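**Q** Provided below: input.csv, containing CSV, N, CA and C atoms.
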chain,number,residue,atom,x,y,z
A,842,MET,N,3.4,1.7,-2.6
A,842,MET,CA,2.7,1.6,-3.8
A,842,MET,C,1.3,2.1,-3.6
A,843,ILE,N,0.9,2.9,-4.5
A,843,ILE,CA,-0.5,3.4,-4.4
A,843,ILE,C,-1.3,2.7,-5.5
A,844,LEU,N,-2.1,1.8,-5.0
A,844,LEU,CA,-2.9,1.0,-6.0
A,844,LEU,C,-4.0,1.8,-6.7
A,845,SER,N,-4.4,2.9,-6.1
A,845,SER,CA,-5.5,3.7,-6.7
A,845,SER,C,-5.0,4.4,-8.0
A,846,ASP,N,-3.7,4.5,-8.3
A,846,ASP,CA,-3.2,5.1,-9.4
A,846,ASP,C,-2.8,4.2,-10.6
A,847,TRP,N,-3.2,2.9,-10.5
A,847,TRP,CA,-2.7,1.9,-11.4
A,847,TRP,C,-3.1,2.2,-12.8
A,848,ARG,N,-4.2,2.9,-13.1
A,848,ARG,CA,-4.6,3.2,-14.4
A,848,ARG,C,-3.7,4.3,-15.1
A,849,PHE,N,-3.2,5.2,-14.2
A,849,PHE,CA,-2.5,6.3,-14.7
A,849,PHE,C,-1.0,6.1,-14.9
A,850,GLU,N,-0.5,5.0,-14.2
A,850,GLU,CA,0.9,4.7,-14.3
A,850,GLU,C,1.4,4.5,-15.7
A,851,ARG,N,0.5,3.9,-16.6
A,851,ARG,CA,0.9,3.6,-18.0
A,851,ARG,C,1.1,4.9,-18.7
A,852,GLU,N,0.4,6.0,-18.3
A,852,GLU,CA,0.4,7.2,-19.1
A,852,GLU,C,1.6,8.2,-18.7
A,853,VAL,N,2.2,7.9,-17.5
A,853,VAL,CA,3.3,8.8,-17.1
A,853,VAL,C,4.6,8.1,-17.4
A,854,LYS,N,5.5,8.9,-18.0
A,854,LYS,CA,6.8,8.4,-18.5
A,854,LYS,C,7.6,7.8,-17.3
A,855,ARG,N,7.6,8.5,-16.2
A,855,ARG,CA,8.4,8.0,-15.0
A,855,ARG,C,7.9,6.7,-14.4
A,856,THR,N,6.6,6.4,-14.5
A,856,THR,CA,6.1,5.2,-13.9
A,856,THR,C,5.6,4.1,-14.9
A,857,ARG,N,5.8,4.4,-16.2
A,857,ARG,CA,5.4,3.5,-17.2
A,857,ARG,C,5.9,2.1,-17.1
A,858,ASP,N,7.1,1.9,-16.6
A,858,ASP,CA,7.8,0.6,-16.5
A,858,ASP,C,7.6,-0.1,-15.2
A,859,ARG,N,6.8,0.4,-14.3
A,859,ARG,CA,6.6,-0.3,-13.1
A,859,ARG,C,5.8,-1.6,-13.3
A,860,PRO,N,6.0,-2.6,-12.4
A,860,PRO,CA,5.4,-3.9,-12.6
A,860,PRO,C,3.9,-3.9,-12.7
A,861,LEU,N,3.2,-3.0,-11.9
A,861,LEU,CA,1.8,-3.0,-12.0
A,861,LEU,C,1.3,-2.4,-13.3
A,862,ALA,N,2.0,-1.4,-13.8
A,862,ALA,CA,1.6,-0.7,-15.1
A,862,ALA,C,1.9,-1.7,-16.3
A,863,THR,N,2.9,-2.4,-16.2
A,863,THR,CA,3.3,-3.3,-17.3
A,863,THR,C,2.5,-4.6,-17.3
A,864,GLY,N,1.8,-4.9,-16.2
A,864,GLY,CA,1.1,-6.2,-16.1
A,864,GLY,C,1.9,-7.3,-15.5
A,865,ALA,N,3.1,-7.1,-15.2
A,865,ALA,CA,4.0,-8.1,-14.6
A,865,ALA,C,3.4,-8.6,-13.2
A,866,VAL,N,2.7,-7.7,-12.6
A,866,VAL,CA,2.1,-8.0,-11.3
A,866,VAL,C,0.6,-7.6,-11.4
A,867,SER,N,-0.2,-8.5,-11.0
A,867,SER,CA,-1.7,-8.3,-11.1
A,867,SER,C,-2.1,-7.4,-9.9
A,868,ARG,N,-3.2,-6.8,-10.0
A,868,ARG,CA,-3.7,-6.0,-8.8
A,868,ARG,C,-4.0,-6.9,-7.6
A,869,ALA,N,-4.5,-8.1,-7.9
A,869,ALA,CA,-4.7,-9.1,-6.8
A,869,ALA,C,-3.4,-9.4,-6.0
A,870,GLU,N,-2.3,-9.6,-6.8
A,870,GLU,CA,-1.0,-9.8,-6.2
A,870,GLU,C,-0.5,-8.6,-5.4
A,871,ALA,N,-0.7,-7.4,-5.9
A,871,ALA,CA,-0.3,-6.2,-5.3
A,871,ALA,C,-1.1,-6.1,-3.9
A,872,TYR,N,-2.4,-6.3,-4.0
A,872,TYR,CA,-3.2,-6.3,-2.7
A,872,TYR,C,-2.7,-7.3,-1.7
A,873,ALA,N,-2.4,-8.5,-2.2
A,873,ALA,CA,-1.9,-9.6,-1.3
A,873,ALA,C,-0.6,-9.2,-0.7
A,874,LEU,N,0.3,-8.6,-1.4
A,874,LEU,CA,1.6,-8.2,-0.9
A,874,LEU,C,1.4,-7.1,0.1
A,875,ALA,N,0.5,-6.1,-0.2
A,875,ALA,CA,0.2,-5.0,0.8
A,875,ALA,C,-0.4,-5.6,2.1
A,876,ALA,N,-1.3,-6.5,2.0
A,876,ALA,CA,-1.8,-7.1,3.2
A,876,ALA,C,-0.8,-7.9,4.0
A,877,ALA,N,0.1,-8.6,3.3
A,877,ALA,CA,1.1,-9.4,4.0
A,877,ALA,C,2.1,-8.4,4.7
A,878,LEU,N,2.5,-7.3,4.0
A,878,LEU,CA,3.4,-6.4,4.7
A,878,LEU,C,2.7,-5.7,5.8
A,879,THR,N,1.4,-5.4,5.7
A,879,THR,CA,0.7,-4.7,6.8
A,879,THR,C,0.7,-5.7,8.0
A,880,LEU,N,0.4,-6.9,7.8
A,880,LEU,CA,0.4,-7.9,8.9
A,880,LEU,C,1.7,-8.1,9.5
A,881,ALA,N,2.8,-8.1,8.7
A,881,ALA,CA,4.1,-8.2,9.3
A,881,ALA,C,4.5,-7.0,10.1
A,882,ALA,N,4.1,-5.8,9.7
A,882,ALA,CA,4.3,-4.6,10.4
A,882,ALA,C,3.6,-4.6,11.7
A,883,PHE,N,2.3,-5.1,11.7
A,883,PHE,CA,1.5,-5.2,12.9
A,883,PHE,C,2.1,-6.2,13.9
A,884,VAL,N,2.6,-7.3,13.4
A,884,VAL,CA,3.3,-8.2,14.3
A,884,VAL,C,4.5,-7.6,15.0
A,885,LEU,N,5.2,-6.8,14.3
A,885,LEU,CA,6.3,-6.1,14.9
A,885,LEU,C,5.9,-5.0,15.9
A,886,VAL,N,4.8,-4.3,15.6
A,886,VAL,CA,4.2,-3.3,16.5
A,886,VAL,C,3.8,-4.0,17.8
A,887,LEU,N,3.3,-5.2,17.8
A,887,LEU,CA,2.8,-5.9,19.0
A,887,LEU,C,3.9,-6.1,20.0
A,888,THR,N,5.1,-6.0,19.6
A,888,THR,CA,6.2,-6.1,20.6
A,888,THR,C,6.5,-4.8,21.4
A,889,LEU,N,5.8,-3.8,21.0
A,889,LEU,CA,6.0,-2.5,21.6
A,889,LEU,C,4.9,-2.3,22.7
A,890,ASN,N,4.9,-1.1,23.3
A,890,ASN,CA,4.0,-0.8,24.4
A,890,ASN,C,2.5,-0.6,23.9
A,891,ARG,N,1.6,-0.6,24.8
A,891,ARG,CA,0.1,-0.6,24.5
A,891,ARG,C,-0.3,0.7,23.8
A,892,LEU,N,0.3,1.8,24.1
A,892,LEU,CA,-0.1,3.1,23.5
A,892,LEU,C,0.4,3.0,22.0
A,893,THR,N,1.5,2.5,21.7
A,893,THR,CA,2.0,2.4,20.4
A,893,THR,C,1.1,1.4,19.6
A,894,VAL,N,0.7,0.3,20.1
A,894,VAL,CA,-0.2,-0.6,19.5
A,894,VAL,C,-1.5,0.1,19.1
A,895,LEU,N,-2.1,0.9,20.1
A,895,LEU,CA,-3.3,1.6,19.8
A,895,LEU,C,-3.1,2.7,18.7
A,896,LEU,N,-2.0,3.4,18.8
A,896,LEU,CA,-1.8,4.4,17.8
A,896,LEU,C,-1.5,3.8,16.4
A,897,SER,N,-1.1,2.5,16.3
A,897,SER,CA,-0.9,1.9,15.0
A,897,SER,C,-2.3,1.7,14.3
A,898,PHE,N,-3.4,1.6,15.0
A,898,PHE,CA,-4.7,1.5,14.4
A,898,PHE,C,-5.0,2.9,13.7
A,899,VAL,N,-4.7,4.0,14.4
A,899,VAL,CA,-4.9,5.3,13.9
A,899,VAL,C,-4.1,5.5,12.6
A,900,ALA,N,-2.8,5.0,12.7
A,900,ALA,CA,-1.9,5.1,11.5
A,900,ALA,C,-2.5,4.3,10.3
A,901,LEU,N,-3.0,3.1,10.6
A,901,LEU,CA,-3.6,2.3,9.6
A,901,LEU,C,-4.8,2.9,8.9
A,902,ALA,N,-5.6,3.6,9.7
A,902,ALA,CA,-6.8,4.3,9.2
A,902,ALA,C,-6.3,5.4,8.3
A,903,LEU,N,-5.3,6.2,8.8
A,903,LEU,CA,-4.8,7.3,7.9
A,903,LEU,C,-4.2,6.8,6.6
A,904,ALA,N,-3.5,5.7,6.7
A,904,ALA,CA,-2.9,5.1,5.5
A,904,ALA,C,-3.9,4.6,4.6
A,905,ALA,N,-5.0,4.0,5.1
A,905,ALA,CA,-6.1,3.4,4.2
A,905,ALA,C,-6.8,4.5,3.5
A,906,THR,N,-6.9,5.7,4.1
A,906,THR,CA,-7.7,6.8,3.5
A,906,THR,C,-6.8,7.7,2.6
A,907,TYR,N,-5.5,7.5,2.6
A,907,TYR,CA,-4.6,8.3,1.7
A,907,TYR,C,-4.9,8.1,0.3
A,908,ARG,N,-4.9,9.1,-0.4
A,908,ARG,CA,-5.2,9.0,-1.9
A,908,ARG,C,-4.4,10.0,-2.6
How does this structure look as structure tokens?

**A**
Amino acid sequence: MILSDWRFEREVKRTRDRPLATGAVSRAEAYALAAALTLAAFVLVLTLNRLTVLLSFVALALAATYR
């Protein structure tokens, strides 16, 4: 889910019925879900080797800057 596009989802036919566009899910709820899923992914990464854990921070930075 790209939260930066929430204003445009209502204007595009393909995305008009998504929960964020319809208001069924608030932006705060969407951010909370994204944070929870990120934390869950990080917990899983912690079971892997040190290099993978370090690279996960690079991946997080790339994902955070994606637009």

**Q** Give the alpha helix (DSSP H) residues of chain A, as assigned by DSSP on the backbone, as a PDB file with N, CA and C atoms, in the coordinates of the input.

**A**
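Writing the result to selection-v1.pdb gives the following:
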ATOM      1  N   PRO A 860       6.000  -2.600 -12.400  1.00  0.00           N
ATOM      2  CA  PRO A 860       5.400  -3.900 -12.600  1.00  0.00           C
ATOM      3  C   PRO A 860       3.900  -3.900 -12.700  1.00  0.00           C
ATOM      4  N   LEU A 861       3.200  -3.000 -11.900  1.00  0.00           N
ATOM      5  CA  LEU A 861       1.800  -3.000 -12.000  1.00  0.00           C
ATOM      6  C   LEU A 861       1.300  -2.400 -13.300  1.00  0.00           C
ATOM      7  N   ALA A 862       2.000  -1.400 -13.800  1.00  0.00           N
ATOM      8  CA  ALA A 862       1.600  -0.700 -15.100  1.00  0.00           C
ATOM      9  C   ALA A 862       1.900  -1.700 -16.300  1.00  0.00           C
ATOM     10  N   THR A 863       2.900  -2.400 -16.200  1.00  0.00           N
ATOM     11  CA  THR A 863       3.300  -3.300 -17.300  1.00  0.00           C
ATOM     12  C   THR A 863       2.500  -4.600 -17.300  1.00  0.00           C
ATOM     13  N   ARG A 868      -3.200  -6.800 -10.000  1.00  0.00           N
ATOM     14  CA  ARG A 868      -3.700  -6.000  -8.800  1.00  0.00           C
ATOM     15  C   ARG A 868      -4.000  -6.900  -7.600  1.00  0.00           C
ATOM     16  N   ALA A 869      -4.500  -8.100  -7.900  1.00  0.00           N
ATOM     17  CA  ALA A 869      -4.700  -9.100  -6.800  1.00  0.00           C
ATOM     18  C   ALA A 869      -3.400  -9.400  -6.000  1.00  0.00           C
ATOM     19  N   GLU A 870      -2.300  -9.600  -6.800  1.00  0.00           N
ATOM     20  CA  GLU A 870      -1.000  -9.800  -6.200  1.00  0.00           C
ATOM     21  C   GLU A 870      -0.500  -8.600  -5.400  1.00  0.00           C
ATOM     22  N   ALA A 871      -0.700  -7.400  -5.900  1.00  0.00           N
ATOM     23  CA  ALA A 871      -0.300  -6.200  -5.300  1.00  0.00           C
ATOM     24  C   ALA A 871      -1.100  -6.100  -3.900  1.00  0.00           C
ATOM     25  N   TYR A 872      -2.400  -6.300  -4.000  1.00  0.00           N
ATOM     26  CA  TYR A 872      -3.200  -6.300  -2.700  1.00  0.00           C
ATOM     27  C   TYR A 872      -2.700  -7.300  -1.700  1.00  0.00           C
ATOM     28  N   ALA A 873      -2.400  -8.500  -2.200  1.00  0.00           N
ATOM     29  CA  ALA A 873      -1.900  -9.600  -1.300  1.00  0.00           C
ATOM     30  C   ALA A 873      -0.600  -9.200  -0.700  1.00  0.00           C
ATOM     31  N   LEU A 874       0.300  -8.600  -1.400  1.00  0.00           N
ATOM     32  CA  LEU A 874       1.600  -8.200  -0.900  1.00  0.00           C
ATOM     33  C   LEU A 874       1.400  -7.100   0.100  1.00  0.00           C
ATOM     34  N   ALA A 875       0.500  -6.100  -0.200  1.00  0.00           N
ATOM     35  CA  ALA A 875       0.200  -5.000   0.800  1.00  0.00           C
ATOM     36  C   ALA A 875      -0.400  -5.600   2.100  1.00  0.00           C
ATOM     37  N   ALA A 876      -1.300  -6.500   2.000  1.00  0.00           N
ATOM     38  CA  ALA A 876      -1.800  -7.100   3.200  1.00  0.00           C
ATOM     39  C   ALA A 876      -0.800  -7.900   4.000  1.00  0.00           C
ATOM     40  N   ALA A 877       0.100  -8.600   3.300  1.00  0.00           N
ATOM     41  CA  ALA A 877       1.100  -9.400   4.000  1.00  0.00           C
ATOM     42  C   ALA A 877       2.100  -8.400   4.700  1.00  0.00           C
ATOM     43  N   LEU A 878       2.500  -7.300   4.000  1.00  0.00           N
ATOM     44  CA  LEU A 878       3.400  -6.400   4.700  1.00  0.00           C
ATOM     45  C   LEU A 878       2.700  -5.700   5.800  1.00  0.00           C
ATOM     46  N   THR A 879       1.400  -5.400   5.700  1.00  0.00           N
ATOM     47  CA  THR A 879       0.700  -4.700   6.800  1.00  0.00           C
ATOM     48  C   THR A 879       0.700  -5.700   8.000  1.00  0.00           C
ATOM     49  N   LEU A 880       0.400  -6.900   7.800  1.00  0.00           N
ATOM     50  CA  LEU A 880       0.400  -7.900   8.900  1.00  0.00           C
ATOM     51  C   LEU A 880       1.700  -8.100   9.500  1.00  0.00           C
ATOM     52  N   ALA A 881       2.800  -8.100   8.700  1.00  0.00           N
ATOM     53  CA  ALA A 881       4.100  -8.200   9.300  1.00  0.00           C
ATOM     54  C   ALA A 881       4.500  -7.000  10.100  1.00  0.00           C
ATOM     55  N   ALA A 882       4.100  -5.800   9.700  1.00  0.00           N
ATOM     56  CA  ALA A 882       4.300  -4.600  10.400  1.00  0.00           C
ATOM     57  C   ALA A 882       3.600  -4.600  11.700  1.00  0.00           C
ATOM     58  N   PHE A 883       2.300  -5.100  11.700  1.00  0.00           N
ATOM     59  CA  PHE A 883       1.500  -5.200  12.900  1.00  0.00           C
ATOM     60  C   PHE A 883       2.100  -6.200  13.900  1.00  0.00           C
ATOM     61  N   VAL A 884       2.600  -7.300  13.400  1.00  0.00           N
ATOM     62  CA  VAL A 884       3.300  -8.200  14.300  1.00  0.00           C
ATOM     63  C   VAL A 884       4.500  -7.600  15.000  1.00  0.00           C
ATOM     64  N   LEU A 885       5.200  -6.800  14.300  1.00  0.00           N
ATOM     65  CA  LEU A 885       6.300  -6.100  14.900  1.00  0.00           C
ATOM     66  C   LEU A 885       5.900  -5.000  15.900  1.00  0.00           C
ATOM     67  N   VAL A 886       4.800  -4.300  15.600  1.00  0.00           N
ATOM     68  CA  VAL A 886       4.200  -3.300  16.500  1.00  0.00           C
ATOM     69  C   VAL A 886       3.800  -4.000  17.800  1.00  0.00           C
ATOM     70  N   ARG A 891       1.600  -0.600  24.800  1.00  0.00           N
ATOM     71  CA  ARG A 891       0.100  -0.600  24.500  1.00  0.00           C
ATOM     72  C   ARG A 891      -0.300   0.700  23.800  1.00  0.00           C
ATOM     73  N   LEU A 892       0.300   1.800  24.100  1.00  0.00           N
ATOM     74  CA  LEU A 892      -0.100   3.100  23.500  1.00  0.00           C
ATOM     75  C   LEU A 892       0.400   3.000  22.000  1.00  0.00           C
ATOM     76  N   THR A 893       1.500   2.500  21.700  1.00  0.00           N
ATOM     77  CA  THR A 893       2.000   2.400  20.400  1.00  0.00           C
ATOM     78  C   THR A 893       1.100   1.400  19.600  1.00  0.00           C
ATOM     79  N   VAL A 894       0.700   0.300  20.100  1.00  0.00           N
ATOM     80  CA  VAL A 894      -0.200  -0.600  19.500  1.00  0.00           C
ATOM     81  C   VAL A 894      -1.500   0.100  19.100  1.00  0.00           C
ATOM     82  N   LEU A 895      -2.100   0.900  20.100  1.00  0.00           N
ATOM     83  CA  LEU A 895      -3.300   1.600  19.800  1.00  0.00           C
ATOM     84  C   LEU A 895      -3.100   2.700  18.700  1.00  0.00           C
ATOM     85  N   LEU A 896      -2.000   3.400  18.800  1.00  0.00           N
ATOM     86  CA  LEU A 896      -1.800   4.400  17.800  1.00  0.00           C
ATOM     87  C   LEU A 896      -1.500   3.800  16.400  1.00  0.00           C
ATOM     88  N   SER A 897      -1.100   2.500  16.300  1.00  0.00           N
ATOM     89  CA  SER A 897      -0.900   1.900  15.000  1.00  0.00           C
ATOM     90  C   SER A 897      -2.300   1.700  14.300  1.00  0.00           C
ATOM     91  N   PHE A 898      -3.400   1.600  15.000  1.00  0.00           N
ATOM     92  CA  PHE A 898      -4.700   1.500  14.400  1.00  0.00           C
ATOM     93  C   PHE A 898      -5.000   2.900  13.700  1.00  0.00           C
ATOM     94  N   VAL A 899      -4.700   4.000  14.400  1.00  0.00           N
ATOM     95  CA  VAL A 899      -4.900   5.300  13.900  1.00  0.00           C
ATOM     96  C   VAL A 899      -4.100   5.500  12.600  1.00  0.00           C
ATOM     97  N   ALA A 900      -2.800   5.000  12.700  1.00  0.00           N
ATOM     98  CA  ALA A 900      -1.900   5.100  11.500  1.00  0.00           C
ATOM     99  C   ALA A 900      -2.500   4.300  10.300  1.00  0.00           C
ATOM    100  N   LEU A 901      -3.000   3.100  10.600  1.00  0.00           N
ATOM    101  CA  LEU A 901      -3.600   2.300   9.600  1.00  0.00           C
ATOM    102  C   LEU A 901      -4.800   2.900   8.900  1.00  0.00           C
ATOM    103  N   ALA A 902      -5.600   3.600   9.700  1.00  0.00           N
ATOM    104  CA  ALA A 902      -6.800   4.300   9.200  1.00  0.00           C
ATOM    105  C   ALA A 902      -6.300   5.400   8.300  1.00  0.00           C
ATOM    106  N   LEU A 903      -5.300   6.200   8.800  1.00  0.00           N
ATOM    107  CA  LEU A 903      -4.800   7.300   7.900  1.00  0.00           C
ATOM    108  C   LEU A 903      -4.200   6.800   6.600  1.00  0.00           C
ATOM    109  N   ALA A 904      -3.500   5.700   6.700  1.00  0.00           N
ATOM    110  CA  ALA A 904      -2.900   5.100   5.500  1.00  0.00           C
ATOM    111  C   ALA A 904      -3.900   4.600   4.600  1.00  0.00           C
ATOM    112  N   ALA A 905      -5.000   4.000   5.100  1.00  0.00           N
ATOM    113  CA  ALA A 905      -6.100   3.400   4.200  1.00  0.00           C
ATOM    114  C   ALA A 905      -6.800   4.500   3.500  1.00  0.00           C
ATOM    115  N   THR A 906      -6.900   5.700   4.100  1.00  0.00           N
ATOM    116  CA  THR A 906      -7.700   6.800   3.500  1.00  0.00           C
ATOM    117  C   THR A 906      -6.800   7.700   2.600  1.00  0.00           C
TER     118      THR A 906
END

**Q** Quick check, in Å to one decimal: how far apart do atom CA of Pro860 of chain A and atom CA of Tyr872 of chain A lie?

**A**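 A separation of 13.3 Å between them.
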
**Q** Suppose you want the space between atom CA of Thr879 of chain A and atom CA of Val894 of chain A; what is it in Å?

**A**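 Straight-line distance from atom CA of Thr879 of chain A to atom CA of Val894 of chain A works out to 13.4 Å.
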
**Q** Could you tell me how far atom N of Arg855 of chain A lies from atom CA of Ala877 of chain A, in Å and to one decimal?

**A**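 Result for atom N of Arg855 of chain A versus atom CA of Ala877 of chain A: 27.8 Å, one decimal.
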